[in-house]
>>> print(open('run-v2.cif').read())   # mmCIF, C-alpha atoms
data_start
loop_
_atom_site.group_PDB
_atom_site.id
_atom_site.type_symbol
_atom_site.label_atom_id
_atom_site.label_comp_id
_atom_site.auth_asym_id
_atom_site.auth_seq_id
_atom_site.Cartn_x
_atom_site.Cartn_y
_atom_site.Cartn_z
ATOM 1 C CA MET A 1 0.000 0.000 0.000
ATOM 2 C CA GLY A 2 3.015 2.313 0.386
ATOM 3 C CA ALA A 3 3.766 4.985 2.937
ATOM 4 C CA THR A 4 0.937 6.530 4.932
ATOM 5 C CA VAL A 5 0.551 10.300 4.704
ATOM 6 C CA THR A 6 1.921 12.299 7.621
ATOM 7 C CA ARG A 7 -0.980 14.755 7.789
ATOM 8 C CA GLN A 8 -4.095 13.911 9.784
ATOM 9 C CA ASP A 9 -5.944 17.157 9.093
ATOM 10 C CA PHE A 10 -6.038 20.081 6.705
ATOM 11 C CA GLU A 11 -3.827 23.121 7.252
ATOM 12 C CA TRP A 12 -6.081 25.668 8.942
ATOM 13 C CA SER A 13 -5.498 29.364 8.299
ATOM 14 C CA TYR A 14 -6.896 32.237 10.321
ATOM 15 C CA THR A 15 -5.815 34.981 7.938
ATOM 16 C CA ALA A 16 -7.388 36.123 4.673
ATOM 17 C CA GLU A 17 -6.435 34.471 1.404
ATOM 18 C CA PRO A 18 -3.437 36.240 -0.171
ATOM 19 C CA HIS A 19 -4.778 37.259 -3.553
ATOM 20 C CA ALA A 20 -6.966 40.245 -2.671
ATOM 21 C CA THR A 21 -4.124 41.863 -0.722
ATOM 22 C CA ARG A 22 -1.558 41.245 -3.448
ATOM 23 C CA ARG A 23 -3.986 42.525 -6.086
ATOM 24 C CA LYS A 24 -4.259 45.866 -4.264
ATOM 25 C CA GLU A 25 -0.494 46.128 -3.881
ATOM 26 C CA ILE A 26 0.161 45.362 -7.541
ATOM 27 C CA LEU A 27 -2.481 47.762 -8.833
ATOM 28 C CA ALA A 28 -1.152 50.506 -6.579
ATOM 29 C CA LYS A 29 2.272 50.087 -8.166
ATOM 30 C CA TYR A 30 1.224 49.081 -11.683
ATOM 31 C CA PRO A 31 -2.224 50.568 -12.473
ATOM 32 C CA GLN A 32 -1.672 49.776 -16.159
ATOM 33 C CA ILE A 33 -2.623 46.163 -15.425
ATOM 34 C CA LYS A 34 -6.243 47.346 -15.444
ATOM 35 C CA GLN A 35 -5.857 47.709 -19.210
ATOM 36 C CA LEU A 36 -5.453 43.930 -19.449
ATOM 37 C CA MET A 37 -8.902 43.337 -17.918
ATOM 38 C CA VAL A 38 -10.676 43.004 -21.268
ATOM 39 C CA HIS A 39 -11.707 39.843 -23.062
ATOM 40 C CA ASP A 40 -9.491 38.446 -25.807
ATOM 41 C CA PRO A 41 -11.477 38.584 -29.090
ATOM 42 C CA SER A 42 -9.472 35.708 -30.580
ATOM 43 C CA PHE A 43 -10.264 33.302 -27.732
ATOM 44 C CA LYS A 44 -13.754 32.345 -28.880
ATOM 45 C CA TRP A 45 -12.545 31.548 -32.403
ATOM 46 C CA VAL A 46 -9.719 29.313 -31.161
ATOM 47 C CA ALA A 47 -12.076 27.493 -28.795
ATOM 48 C CA ALA A 48 -14.796 27.146 -31.463
ATOM 49 C CA ALA A 49 -12.249 25.665 -33.891
ATOM 50 C CA MET A 50 -11.380 23.023 -31.283
ATOM 51 C CA VAL A 51 -15.060 22.116 -30.926
ATOM 52 C CA LEU A 52 -15.420 21.791 -34.689
ATOM 53 C CA PHE A 53 -12.341 19.561 -34.824
ATOM 54 C CA GLN A 54 -13.939 17.265 -32.260
ATOM 55 C CA PHE A 55 -17.198 17.240 -34.226
ATOM 56 C CA ILE A 56 -15.328 16.287 -37.424
ATOM 57 C CA SER A 57 -13.510 13.518 -35.560
ATOM 58 C CA ILE A 58 -16.765 11.748 -34.626
ATOM 59 C CA PRO A 59 -17.465 9.988 -37.971
ATOM 60 C CA ILE A 60 -13.742 9.309 -38.430
ATOM 61 C CA VAL A 61 -13.379 7.676 -35.011
ATOM 62 C CA SER A 62 -16.479 5.537 -35.583
ATOM 63 C CA ASN A 63 -14.550 3.653 -38.291
ATOM 64 C CA LEU A 64 -11.343 3.094 -36.311
ATOM 65 C CA SER A 65 -10.320 -0.098 -34.525
ATOM 66 C CA TRP A 66 -10.806 -0.169 -30.764
ATOM 67 C CA PRO A 67 -7.064 0.005 -29.978
ATOM 68 C CA LEU A 68 -6.768 3.167 -32.101
ATOM 69 C CA VAL A 69 -9.878 4.615 -30.458
ATOM 70 C CA LEU A 70 -8.362 4.156 -26.995
ATOM 71 C CA LEU A 71 -4.956 5.471 -28.055
ATOM 72 C CA GLY A 72 -6.537 8.459 -29.765
ATOM 73 C CA ALA A 73 -8.729 9.113 -26.738
ATOM 74 C CA TYR A 74 -5.725 9.393 -24.429
ATOM 75 C CA CYS A 75 -3.365 11.230 -26.785
ATOM 76 C CA LEU A 76 -5.710 13.507 -28.741
ATOM 77 C CA GLY A 77 -9.415 13.471 -27.910
ATOM 78 C CA GLY A 78 -8.883 13.683 -24.172
ATOM 79 C CA VAL A 79 -6.260 16.413 -24.506
ATOM 80 C CA LEU A 80 -8.555 18.531 -26.673
ATOM 81 C CA ASN A 81 -11.483 17.983 -24.320
ATOM 82 C CA HIS A 82 -9.294 18.943 -21.378
ATOM 83 C CA SER A 83 -8.346 22.098 -23.231
ATOM 84 C CA LEU A 84 -12.032 22.743 -23.916
ATOM 85 C CA MET A 85 -12.781 22.299 -20.222
ATOM 86 C CA LEU A 86 -10.273 25.068 -19.551
ATOM 87 C CA ALA A 87 -11.923 27.103 -22.302
ATOM 88 C CA VAL A 88 -15.148 26.693 -20.298
ATOM 89 C CA HIS A 89 -13.148 27.946 -17.321
ATOM 90 C CA GLU A 90 -12.156 31.039 -19.312
ATOM 91 C CA THR A 91 -15.782 31.533 -20.364
ATOM 92 C CA SER A 92 -16.933 31.309 -16.733
ATOM 93 C CA HIS A 93 -14.906 34.478 -16.178
ATOM 94 C CA GLY A 94 -16.635 36.176 -19.111
ATOM 95 C CA GLU A 95 -13.674 35.887 -21.474
ATOM 96 C CA ALA A 96 -15.654 34.850 -24.559
ATOM 97 C CA PHE A 97 -17.773 37.983 -24.975
ATOM 98 C CA GLY A 98 -16.911 40.129 -21.951
ATOM 99 C CA VAL A 99 -18.265 40.004 -18.408
ATOM 100 C CA GLN A 100 -21.345 42.072 -19.257
ATOM 101 C CA ARG A 101 -22.709 39.573 -21.789
ATOM 102 C CA VAL A 102 -23.717 36.865 -19.322
ATOM 103 C CA PHE A 103 -26.224 35.059 -21.536
ATOM 104 C CA ALA A 104 -23.834 34.905 -24.513
ATOM 105 C CA ASN A 105 -21.108 33.462 -22.289
ATOM 106 C CA HIS A 106 -23.517 30.843 -20.900
ATOM 107 C CA LEU A 107 -24.514 29.750 -24.410
ATOM 108 C CA PHE A 108 -20.932 29.622 -25.602
ATOM 109 C CA GLY A 109 -19.870 27.643 -22.541
ATOM 110 C CA ALA A 110 -22.576 25.054 -23.267
ATOM 111 C CA PHE A 111 -21.370 24.863 -26.885
ATOM 112 C CA LEU A 112 -17.760 24.331 -25.768
ATOM 113 C CA ALA A 113 -18.819 21.511 -23.445
ATOM 114 C CA LEU A 114 -20.685 19.517 -26.108
ATOM 115 C CA PRO A 115 -17.658 17.389 -27.141
ATOM 116 C CA MET A 116 -17.152 16.464 -23.480
ATOM 117 C CA LEU A 117 -20.653 14.894 -23.535
ATOM 118 C CA VAL A 118 -21.200 16.178 -19.977
ATOM 119 C CA PRO A 119 -23.517 19.143 -19.155
ATOM 120 C CA MET A 120 -20.950 20.882 -16.974
ATOM 121 C CA SER A 121 -20.506 24.487 -18.109
ATOM 122 C CA SER A 122 -23.227 26.317 -16.135
ATOM 123 C CA THR A 123 -22.733 24.207 -13.017
ATOM 124 C CA PHE A 124 -18.971 24.696 -13.153
ATOM 125 C CA LYS A 125 -19.369 28.462 -13.356
ATOM 126 C CA LYS A 126 -21.425 28.887 -10.204
ATOM 127 C CA TYR A 127 -19.090 26.754 -8.091
ATOM 128 C CA HIS A 128 -15.889 28.106 -9.612
ATOM 129 C CA ILE A 129 -16.740 31.737 -8.953
ATOM 130 C CA GLU A 130 -17.181 30.874 -5.263
ATOM 131 C CA HIS A 131 -13.799 29.125 -5.301
ATOM 132 C CA HIS A 132 -12.333 32.511 -6.217
ATOM 133 C CA LYS A 133 -14.404 34.579 -3.812
ATOM 134 C CA PHE A 134 -14.010 32.220 -0.854
ATOM 135 C CA GLN A 135 -10.692 30.452 -1.421
ATOM 136 C CA GLY A 136 -10.117 27.905 1.317
ATOM 137 C CA ASP A 137 -13.589 28.298 2.807
ATOM 138 C CA GLU A 138 -14.533 24.971 4.389
ATOM 139 C CA LYS A 139 -18.017 25.037 2.822
ATOM 140 C CA ARG A 140 -17.893 27.229 -0.261
ATOM 141 C CA ASP A 141 -14.575 26.191 -1.787
ATOM 142 C CA THR A 142 -15.495 22.828 -3.277
ATOM 143 C CA ASP A 143 -12.114 22.532 -4.979
ATOM 144 C CA ILE A 144 -10.855 21.193 -1.620
ATOM 145 C CA PRO A 145 -11.172 17.413 -1.107
ATOM 146 C CA SER A 146 -13.789 16.249 1.353
ATOM 147 C CA ARG A 147 -12.757 14.741 4.681
ATOM 148 C CA VAL A 148 -13.902 11.350 3.412
ATOM 149 C CA GLU A 149 -11.494 11.576 0.464
ATOM 150 C CA ALA A 150 -8.634 12.743 2.666
ATOM 151 C CA TYR A 151 -9.257 9.967 5.199
ATOM 152 C CA LEU A 152 -9.610 7.144 2.688
ATOM 153 C CA PHE A 153 -6.848 8.028 0.217
ATOM 154 C CA ASN A 154 -4.004 8.244 2.702
ATOM 155 C CA THR A 155 -1.326 5.882 1.359
ATOM 156 C CA THR A 156 0.845 5.872 -1.755
ATOM 157 C CA PHE A 157 -1.330 3.299 -3.527
ATOM 158 C CA ARG A 158 -4.589 4.931 -2.479
ATOM 159 C CA LYS A 159 -3.378 8.357 -3.617
ATOM 160 C CA PHE A 160 -2.591 6.785 -6.995
ATOM 161 C CA ILE A 161 -6.175 5.514 -7.163
ATOM 162 C CA TRP A 162 -7.425 8.977 -6.148
ATOM 163 C CA VAL A 163 -5.508 10.527 -9.057
ATOM 164 C CA VAL A 164 -6.975 8.002 -11.500
ATOM 165 C CA LEU A 165 -10.489 8.650 -10.177
ATOM 166 C CA GLN A 166 -10.021 12.405 -9.909
ATOM 167 C CA PRO A 167 -12.514 13.203 -12.695
ATOM 168 C CA PHE A 168 -15.311 11.714 -10.583
ATOM 169 C CA PHE A 169 -14.274 13.511 -7.393
ATOM 170 C CA TYR A 170 -13.747 16.825 -9.184
ATOM 171 C CA SER A 171 -17.074 16.593 -11.016
ATOM 172 C CA LEU A 172 -19.330 15.234 -8.276
ATOM 173 C CA ARG A 173 -17.833 16.709 -5.086
ATOM 174 C CA PRO A 174 -19.374 20.196 -5.422
ATOM 175 C CA MET A 175 -22.909 18.850 -5.814
ATOM 176 C CA LEU A 176 -22.489 16.415 -2.921
ATOM 177 C CA VAL A 177 -20.833 18.647 -0.319
ATOM 178 C CA TYR A 178 -22.478 21.964 -1.271
ATOM 179 C CA PRO A 179 -25.706 21.234 -3.197
ATOM 180 C CA LYS A 180 -27.435 24.105 -4.972
ATOM 181 C CA THR A 181 -30.758 24.360 -6.763
ATOM 182 C CA PRO A 182 -30.184 23.964 -10.530
ATOM 183 C CA SER A 183 -30.632 27.147 -12.507
ATOM 184 C CA MET A 184 -32.585 27.406 -15.758
ATOM 185 C CA PHE A 185 -29.255 27.614 -17.595
ATOM 186 C CA GLU A 186 -28.241 24.272 -16.063
ATOM 187 C CA ILE A 187 -31.520 22.588 -16.961
ATOM 188 C CA VAL A 188 -31.281 23.736 -20.575
ATOM 189 C CA ASN A 189 -27.619 22.710 -20.611
ATOM 190 C CA ILE A 190 -28.570 19.193 -19.473
ATOM 191 C CA ILE A 191 -31.326 18.810 -22.090
ATOM 192 C CA VAL A 192 -29.154 20.043 -24.967
ATOM 193 C CA THR A 193 -26.132 17.953 -23.960
ATOM 194 C CA LEU A 194 -28.076 14.717 -23.463
ATOM 195 C CA THR A 195 -29.786 15.237 -26.819
ATOM 196 C CA PHE A 196 -26.387 15.681 -28.453
ATOM 197 C CA ASP A 197 -25.065 12.575 -26.664
ATOM 198 C CA PHE A 198 -27.987 10.489 -27.931
ATOM 199 C CA CYS A 199 -27.434 11.698 -31.496
ATOM 200 C CA VAL A 200 -23.748 10.788 -31.365
ATOM 201 C CA TYR A 201 -24.566 7.299 -30.110
ATOM 202 C CA TYR A 202 -27.534 6.753 -32.463
ATOM 203 C CA PHE A 203 -25.725 7.764 -35.651
ATOM 204 C CA PHE A 204 -22.131 6.749 -34.872
ATOM 205 C CA GLY A 205 -22.166 4.141 -32.088
ATOM 206 C CA TRP A 206 -20.014 3.658 -28.998
ATOM 207 C CA LYS A 207 -16.570 4.439 -30.374
ATOM 208 C CA PRO A 208 -16.987 8.244 -30.493
ATOM 209 C CA ILE A 209 -18.528 8.095 -26.998
ATOM 210 C CA VAL A 210 -15.434 6.337 -25.673
ATOM 211 C CA TYR A 211 -13.159 8.677 -27.637
ATOM 212 C CA LEU A 212 -14.800 11.837 -26.311
ATOM 213 C CA LEU A 213 -16.149 10.925 -22.885
ATOM 214 C CA GLY A 214 -13.549 8.300 -21.994
ATOM 215 C CA GLY A 215 -10.745 10.438 -23.347
ATOM 216 C CA GLY A 216 -11.916 13.389 -21.295
ATOM 217 C CA PHE A 217 -11.960 11.285 -18.144
ATOM 218 C CA MET A 218 -8.494 9.871 -18.853
ATOM 219 C CA ALA A 219 -7.096 13.357 -19.405
ATOM 220 C CA MET A 220 -8.486 14.487 -16.035
ATOM 221 C CA GLY A 221 -6.767 11.659 -14.173
ATOM 222 C CA LEU A 222 -3.375 10.049 -14.762
ATOM 223 C CA HIS A 223 -2.351 12.368 -17.575
ATOM 224 C CA PRO A 224 0.251 15.150 -17.923
ATOM 225 C CA VAL A 225 -2.304 17.901 -18.560
ATOM 226 C CA ALA A 226 -4.231 16.896 -15.422
ATOM 227 C CA GLY A 227 -1.280 17.859 -13.242
ATOM 228 C CA HIS A 228 -2.661 21.381 -12.933
ATOM 229 C CA PHE A 229 -5.513 20.142 -10.719
ATOM 230 C CA ILE A 230 -2.956 19.251 -8.067
ATOM 231 C CA SER A 231 -0.340 21.894 -8.788
ATOM 232 C CA GLU A 232 -2.678 24.855 -8.343
ATOM 233 C CA HIS A 233 -3.547 24.700 -4.636
ATOM 234 C CA TYR A 234 -2.100 21.628 -2.918
ATOM 235 C CA MET A 235 0.391 22.684 -0.259
ATOM 236 C CA PHE A 236 3.832 21.533 -1.396
ATOM 237 C CA LYS A 237 5.484 24.211 0.767
ATOM 238 C CA LYS A 238 4.018 25.040 4.151
ATOM 239 C CA GLY A 239 1.998 28.232 4.217
ATOM 240 C CA TYR A 240 1.624 28.623 0.435
ATOM 241 C CA GLU A 241 -1.775 27.827 -1.046
ATOM 242 C CA THR A 242 -1.469 28.783 -4.725
ATOM 243 C CA TYR A 243 1.313 27.820 -7.141
ATOM 244 C CA SER A 244 2.074 28.755 -10.717
ATOM 245 C CA TYR A 245 3.543 26.648 -13.504
ATOM 246 C CA TYR A 246 5.200 28.419 -16.455
ATOM 247 C CA GLY A 247 5.993 25.445 -18.691
ATOM 248 C CA PRO A 248 4.950 24.524 -22.255
ATOM 249 C CA LEU A 249 1.711 22.731 -21.357
ATOM 250 C CA ASN A 250 0.201 26.173 -20.816
ATOM 251 C CA TRP A 251 -0.065 26.352 -24.605
ATOM 252 C CA LEU A 252 -2.691 23.604 -24.442
ATOM 253 C CA CYS A 253 -4.444 24.952 -21.355
ATOM 254 C CA PHE A 254 -5.067 28.667 -21.942
ATOM 255 C CA ASN A 255 -2.284 29.552 -19.468
ATOM 256 C CA VAL A 256 -4.095 28.084 -16.474
ATOM 257 C CA GLY A 257 -0.622 27.362 -15.091
ATOM 258 C CA TYR A 258 -0.247 31.085 -14.353
ATOM 259 C CA HIS A 259 -2.391 30.404 -11.337
ATOM 260 C CA ASN A 260 -1.183 32.989 -8.853
ATOM 261 C CA GLU A 261 -1.608 35.581 -11.568
ATOM 262 C CA HIS A 262 -5.064 34.225 -12.396
ATOM 263 C CA HIS A 263 -6.297 34.369 -8.801
ATOM 264 C CA ASP A 264 -4.827 37.838 -8.368
ATOM 265 C CA PHE A 265 -6.561 39.036 -11.542
ATOM 266 C CA PRO A 266 -9.399 36.671 -12.531
ATOM 267 C CA ASN A 267 -10.730 39.200 -15.072
ATOM 268 C CA VAL A 268 -7.510 39.111 -17.090
ATOM 269 C CA PRO A 269 -7.821 36.529 -19.909
ATOM 270 C CA GLY A 270 -5.408 33.637 -19.938
ATOM 271 C CA SER A 271 -3.641 34.957 -23.027
ATOM 272 C CA LYS A 272 -2.604 38.080 -21.091
ATOM 273 C CA LEU A 273 -1.557 36.467 -17.791
ATOM 274 C CA PRO A 274 2.118 36.281 -18.878
ATOM 275 C CA LEU A 275 1.989 40.076 -19.201
ATOM 276 C CA VAL A 276 0.902 40.351 -15.564
ATOM 277 C CA LYS A 277 4.022 38.471 -14.516
ATOM 278 C CA LYS A 278 6.160 40.497 -16.906
ATOM 279 C CA ILE A 279 4.848 43.814 -15.550
ATOM 280 C CA ALA A 280 5.100 42.838 -11.867
ATOM 281 C CA PRO A 281 7.841 40.177 -11.677
ATOM 282 C CA GLU A 282 8.903 41.029 -8.122
ATOM 283 C CA PHE A 283 5.511 39.867 -6.849
ATOM 284 C CA TYR A 284 5.808 36.407 -8.444
ATOM 285 C CA ASP A 285 9.424 35.400 -9.038
ATOM 286 C CA ASP A 286 10.089 34.455 -5.413
ATOM 287 C CA LEU A 287 6.865 32.508 -4.867
ATOM 288 C CA PRO A 288 7.108 28.692 -4.894
ATOM 289 C CA GLN A 289 6.305 27.363 -8.356
ATOM 290 C CA HIS A 290 6.160 24.058 -10.216
ATOM 291 C CA ASP A 291 8.374 23.146 -13.152
ATOM 292 C CA SER A 292 6.524 20.015 -14.314
ATOM 293 C CA TRP A 293 2.938 18.822 -14.025
ATOM 294 C CA VAL A 294 4.111 15.228 -14.431
ATOM 295 C CA LYS A 295 6.451 15.666 -11.464
ATOM 296 C CA VAL A 296 3.592 17.210 -9.483
ATOM 297 C CA ILE A 297 1.544 14.034 -9.931
ATOM 298 C CA TYR A 298 4.527 11.835 -9.072
ATOM 299 C CA ASP A 299 5.346 13.845 -5.938
ATOM 300 C CA PHE A 300 1.716 13.900 -4.839
ATOM 301 C CA VAL A 301 1.509 10.128 -5.025
ATOM 302 C CA THR A 302 4.911 9.277 -3.527
ATOM 303 C CA ASP A 303 5.566 12.044 -0.976
ATOM 304 C CA PRO A 304 3.987 11.168 2.416
ATOM 305 C CA ASP A 305 3.907 14.877 3.309
ATOM 306 C CA VAL A 306 1.502 15.580 0.437
ATOM 307 C CA GLY A 307 -2.002 14.206 -0.067
ATOM 308 C CA PRO A 308 -5.651 15.236 -0.027
ATOM 309 C CA TYR A 309 -5.149 16.782 3.435
ATOM 310 C CA ALA A 310 -2.457 19.117 2.046
ATOM 311 C CA ARG A 311 -4.833 22.013 1.502
ATOM 312 C CA ILE A 312 -5.241 25.269 3.363
ATOM 313 C CA LYS A 313 -8.746 25.723 4.783
ATOM 314 C CA ARG A 314 -10.558 28.533 6.581
ATOM 315 C CA LYS A 315 -13.595 28.511 8.793
ATOM 316 C CA THR A 316 -16.600 29.773 6.904
ATOM 317 C CA ALA A 317 -17.649 33.299 7.828
ATOM 318 C CA GLY A 318 -21.318 32.570 7.307
ATOM 319 C CA TYR A 319 -23.268 30.148 5.201
ATOM 320 C CA SER A 320 -26.353 30.441 3.052
ATOM 321 C CA ASP A 321 -27.490 29.209 -0.328
#
>>> encode(input="run-v2.cif", output="structure tokens")
Amino acid sequence: MGATVTRQDFEWSYTAEPHATRRKEILAKYPQIKQLMVHDPSFKWVAAAMVLFQFISIPIVSNLSWPLVLLGAYCLGGVLNHSLMLAVHETSHGEAFGVQRVFANHLFGAFLALPMLVPMSSTFKKYHIEHHKFQGDEKRDTDIPSRVEAYLFNTTFRKFIWVVLQPFFYSLRPMLVYPKTPSMFEIVNIIVTLTFDFCVYYFFGWKPIVYLLGGGFMAMGLHPVAGHFISEHYMFKKGYETYSYYGPLNWLCFNVGYHNEHHDFPNVPGSKLPLVKKIAPEFYDDLPQHDSWVKVIYDFVTDPDVGPYARIKRKTAGYSD
């Protein structure tokens, strides 16, 4: 089973999360960063092209052998769907059409999620925004593993299983630990997505389902691009709760690796986050950072000091739906 994790509880903090304070300090010194807080017009065209590529792949995949379907799912379909999931993340911050055009962003998010075959865009948005507003909050920040996860997955082997099953925990945890009434956007999203799923199956069979849905799940688990799930907020150095990664996989992930910069300035599109670091390097260069998402996964599994408990939490300051 491997070594047992050394932590028996989360790391509790009794100070505010660091991003709001750093945001004020940076803007006081570099007010020009406000000029970056506009959506990137090219983003929606890049993301739409990825969706169309996945659509075109459906009839092609339906004629492939099963070994090629599985290989393609891990190496291509899952990677593109993971990238589209991060495009949904960008859209949740209003980066497709600007923060004022809420309805357009909701529709575009649902469109981006179609190749994933999961109606996740509207639900993701409402939980993700609270992750930003209440980082570390024991109730509202559903990015943090539940106590059940942390208790059960406490050895090297069990952490490996947790990584493999991460798509299920990441997708279902928010609705289980912090249930919310579905919005009309979510209901429509579910109907449209399930209709699309049925059409894919009816006209093209199981192979595209495995390629798209299975590939997406594989790329959220034991996969290089999935390393960002762990690298972003798991405490690899005591006292630090957000970490950036500046490596080449950002090209596939809309710069989600620039995670300190993203939490400091969530209204800056991913394409402009490198400019935030370039303008204010003294605020980021000395922070702990990751050099490899693959190494992050390896260290998470093998290091007994790191595991699901290695997250900074805060007592909730009030709770209501």
>>> resolve_selection(input="run-v2.cif", expression="the PyMOL selection byres ((chain A and resi 222-224) around 7)", output="list in words")
Val163, Val164, Met218, Ala219, Met220, Gly221, Val225, Ala226, Gly227, Trp293 and Val294 of chain A
>>> atom_distance(input="run-v2.cif", atom1="atom CA of A:Arg147", atom2="atom CA of A:Phe236")
18.9 Å
>>> resolve_selection(input="run-v2.cif", expression="the PyMOL selection byres ((chain A and resi 99-102) around 12)", output="PyMOL selection string")
chain A and resi 37-40+90-98+103-109+122+125+185+266-269
>>> resolve_selection(input="run-v2.cif", expression="the PyMOL selection byres ((chain A and resi 280) around 12)", output="MDAnalysis selection string")
chainID A and resid 22:23 25:33 261 264 273:279 281:286
>>> closest_atom_pairs(input="run-v2.cif", of="stretch 121-156 of chain A", to="stretch 7-15 of chain A", cutoff="12 Å", atoms="all atoms listed in the file", output="JSON lines")
{"residue": "A:Gln135", "atom": "CA", "partner": "A:Ser13", "partner_atom": "CA", "distance": 11.1}
{"residue": "A:Gly136", "atom": "CA", "partner": "A:Ser13", "partner_atom": "CA", "distance": 8.5}
{"residue": "A:Asp137", "atom": "CA", "partner": "A:Ser13", "partner_atom": "CA", "distance": 9.8}
{"residue": "A:Glu138", "atom": "CA", "partner": "A:Trp12", "partner_atom": "CA", "distance": 9.6}
{"residue": "A:Ile144", "atom": "CA", "partner": "A:Phe10", "partner_atom": "CA", "distance": 9.7}
{"residue": "A:Pro145", "atom": "CA", "partner": "A:Phe10", "partner_atom": "CA", "distance": 9.7}
{"residue": "A:Ser146", "atom": "CA", "partner": "A:Phe10", "partner_atom": "CA", "distance": 10.2}
{"residue": "A:Arg147", "atom": "CA", "partner": "A:Asp9", "partner_atom": "CA", "distance": 8.5}
{"residue": "A:Val148", "atom": "CA", "partner": "A:Asp9", "partner_atom": "CA", "distance": 11.4}
{"residue": "A:Glu149", "atom": "CA", "partner": "A:Asp9", "partner_atom": "CA", "distance": 11.7}
{"residue": "A:Ala150", "atom": "CA", "partner": "A:Asp9", "partner_atom": "CA", "distance": 8.2}
{"residue": "A:Tyr151", "atom": "CA", "partner": "A:Gln8", "partner_atom": "CA", "distance": 8.0}
{"residue": "A:Leu152", "atom": "CA", "partner": "A:Gln8", "partner_atom": "CA", "distance": 11.2}
{"residue": "A:Phe153", "atom": "CA", "partner": "A:Gln8", "partner_atom": "CA", "distance": 11.6}
{"residue": "A:Asn154", "atom": "CA", "partner": "A:Arg7", "partner_atom": "CA", "distance": 8.8}
{"residue": "A:Thr155", "atom": "CA", "partner": "A:Arg7", "partner_atom": "CA", "distance": 11.0}
>>> closest_residue(input="run-v2.cif", among="A:Leu84, A:Val210, A:Ala20, A:Ile190", to="A:His132", atoms="all atoms listed in the file")
A:Ala20
>>> closest_residue(input="run-v2.cif", among="A:His19, A:His228, A:Arg314, A:Lys237", to="A:Phe254", atoms="all atoms listed in the file")
A:His228
>>> residues_near_point(input="run-v2.cif", point="(-23.0, 22.5, -23.2)", cutoff="12 Å", atoms="all atoms listed in the file", output="number ranges by chain")
A: 51, 84-85, 88, 91, 105-124, 185-197
>>> atom_distance(input="run-v2.cif", atom1="atom CA of A:Tyr245", atom2="atom CA of A:Lys139")
27.1 Å
>>> closest_residue(input="run-v2.cif", among="A:Tyr234, A:Phe204, A:Phe265, A:Trp45", to="A:Ile58", atoms="all atoms listed in the file")
A:Phe204
>>> atom_distance(input="run-v2.cif", atom1="atom CA of A:Phe53", atom2="atom CA of A:Leu80")
9.0 Å
>>> closest_atom_pairs(input="run-v2.cif", of="stretch 3-63 of chain A", to="stretch 299-307 of chain A", cutoff="8 Å", atoms="all atoms listed in the file", output="Markdown table")
| residue | atom | partner | partner_atom | distance |
| --- | --- | --- | --- | --- |
| A:Ala3 | CA | A:Pro304 | CA | 6.2 |
| A:Thr4 | CA | A:Pro304 | CA | 6.1 |
| A:Val5 | CA | A:Pro304 | CA | 4.2 |
| A:Thr6 | CA | A:Asp305 | CA | 5.4 |
| A:Arg7 | CA | A:Asp305 | CA | 6.6 |
>>> closest_residue(input="run-v2.cif", among="A:Leu249, A:Leu213, A:Val61, A:Ala16", to="A:Gly78", atoms="all atoms listed in the file")
A:Leu213
>>> closest_residue(input="run-v2.cif", among="A:His89, A:Leu76, A:Ile161, A:Lys34", to="A:Ala47", atoms="all atoms listed in the file")
A:His89
>>> residues_around(input="run-v2.cif", residues="A:Asn63", least_positions_apart="3", cutoff="9 Å", atoms="all atoms listed in the file", output="PDB file with C-alpha atoms, in the frame of the given file")
ATOM      1  CA  PRO A  59     -17.465   9.988 -37.971  1.00  0.00           C
ATOM      2  CA  ILE A  60     -13.742   9.309 -38.430  1.00  0.00           C
ATOM      3  CA  PHE A 204     -22.131   6.749 -34.872  1.00  0.00           C
ATOM      4  CA  LYS A 207     -16.570   4.439 -30.374  1.00  0.00           C
TER       5      LYS A 207
END
>>> closest_residue(input="run-v2.cif", among="A:Gly77, A:Met50, A:Lys126, A:Lys44", to="A:Gly215", atoms="only C-alpha atoms")
A:Gly77
>>> residues_around(input="run-v2.cif", residues="A:Met235", least_positions_apart="2", cutoff="8 Å", atoms="only C-alpha atoms", output="MDAnalysis selection string")
chainID A and resid 233 237:242 306 310:312
>>> axis_aligned_box(input="run-v2.cif", around="stretch 298-302 of chain A", padding_each_side="4 Å", output="AutoDock Vina command-line options")
--center_x 3.4 --center_y 11.6 --center_z -6.3 --size_x 11.8 --size_y 12.6 --size_z 13.5
>>> decode(input="run-v2.cif", residues="stretch 75-80 of chain A", atoms="N, CA and C atoms", output="PDB file, in the first residue's frame")
ATOM      1  N   CYS A  75      -4.389  10.339 -26.234  1.00  0.00           N
ATOM      2  CA  CYS A  75      -3.365  11.230 -26.785  1.00  0.00           C
ATOM      3  C   CYS A  75      -3.933  12.464 -27.485  1.00  0.00           C
ATOM      4  N   LEU A  76      -5.168  12.383 -27.970  1.00  0.00           N
ATOM      5  CA  LEU A  76      -5.710  13.507 -28.741  1.00  0.00           C
ATOM      6  C   LEU A  76      -7.075  13.961 -28.232  1.00  0.00           C
ATOM      7  N   GLY A  77      -8.058  13.068 -28.285  1.00  0.00           N
ATOM      8  CA  GLY A  77      -9.415  13.471 -27.910  1.00  0.00           C
ATOM      9  C   GLY A  77      -9.504  13.969 -26.487  1.00  0.00           C
ATOM     10  N   GLY A  78      -8.849  13.264 -25.563  1.00  0.00           N
ATOM     11  CA  GLY A  78      -8.883  13.683 -24.172  1.00  0.00           C
ATOM     12  C   GLY A  78      -8.149  14.980 -23.939  1.00  0.00           C
ATOM     13  N   VAL A  79      -7.028  15.169 -24.659  1.00  0.00           N
ATOM     14  CA  VAL A  79      -6.260  16.413 -24.506  1.00  0.00           C
ATOM     15  C   VAL A  79      -7.083  17.605 -24.992  1.00  0.00           C
ATOM     16  N   LEU A  80      -7.730  17.437 -26.145  1.00  0.00           N
ATOM     17  CA  LEU A  80      -8.555  18.531 -26.673  1.00  0.00           C
ATOM     18  C   LEU A  80      -9.747  18.805 -25.763  1.00  0.00           C
TER      19      LEU A  80
END
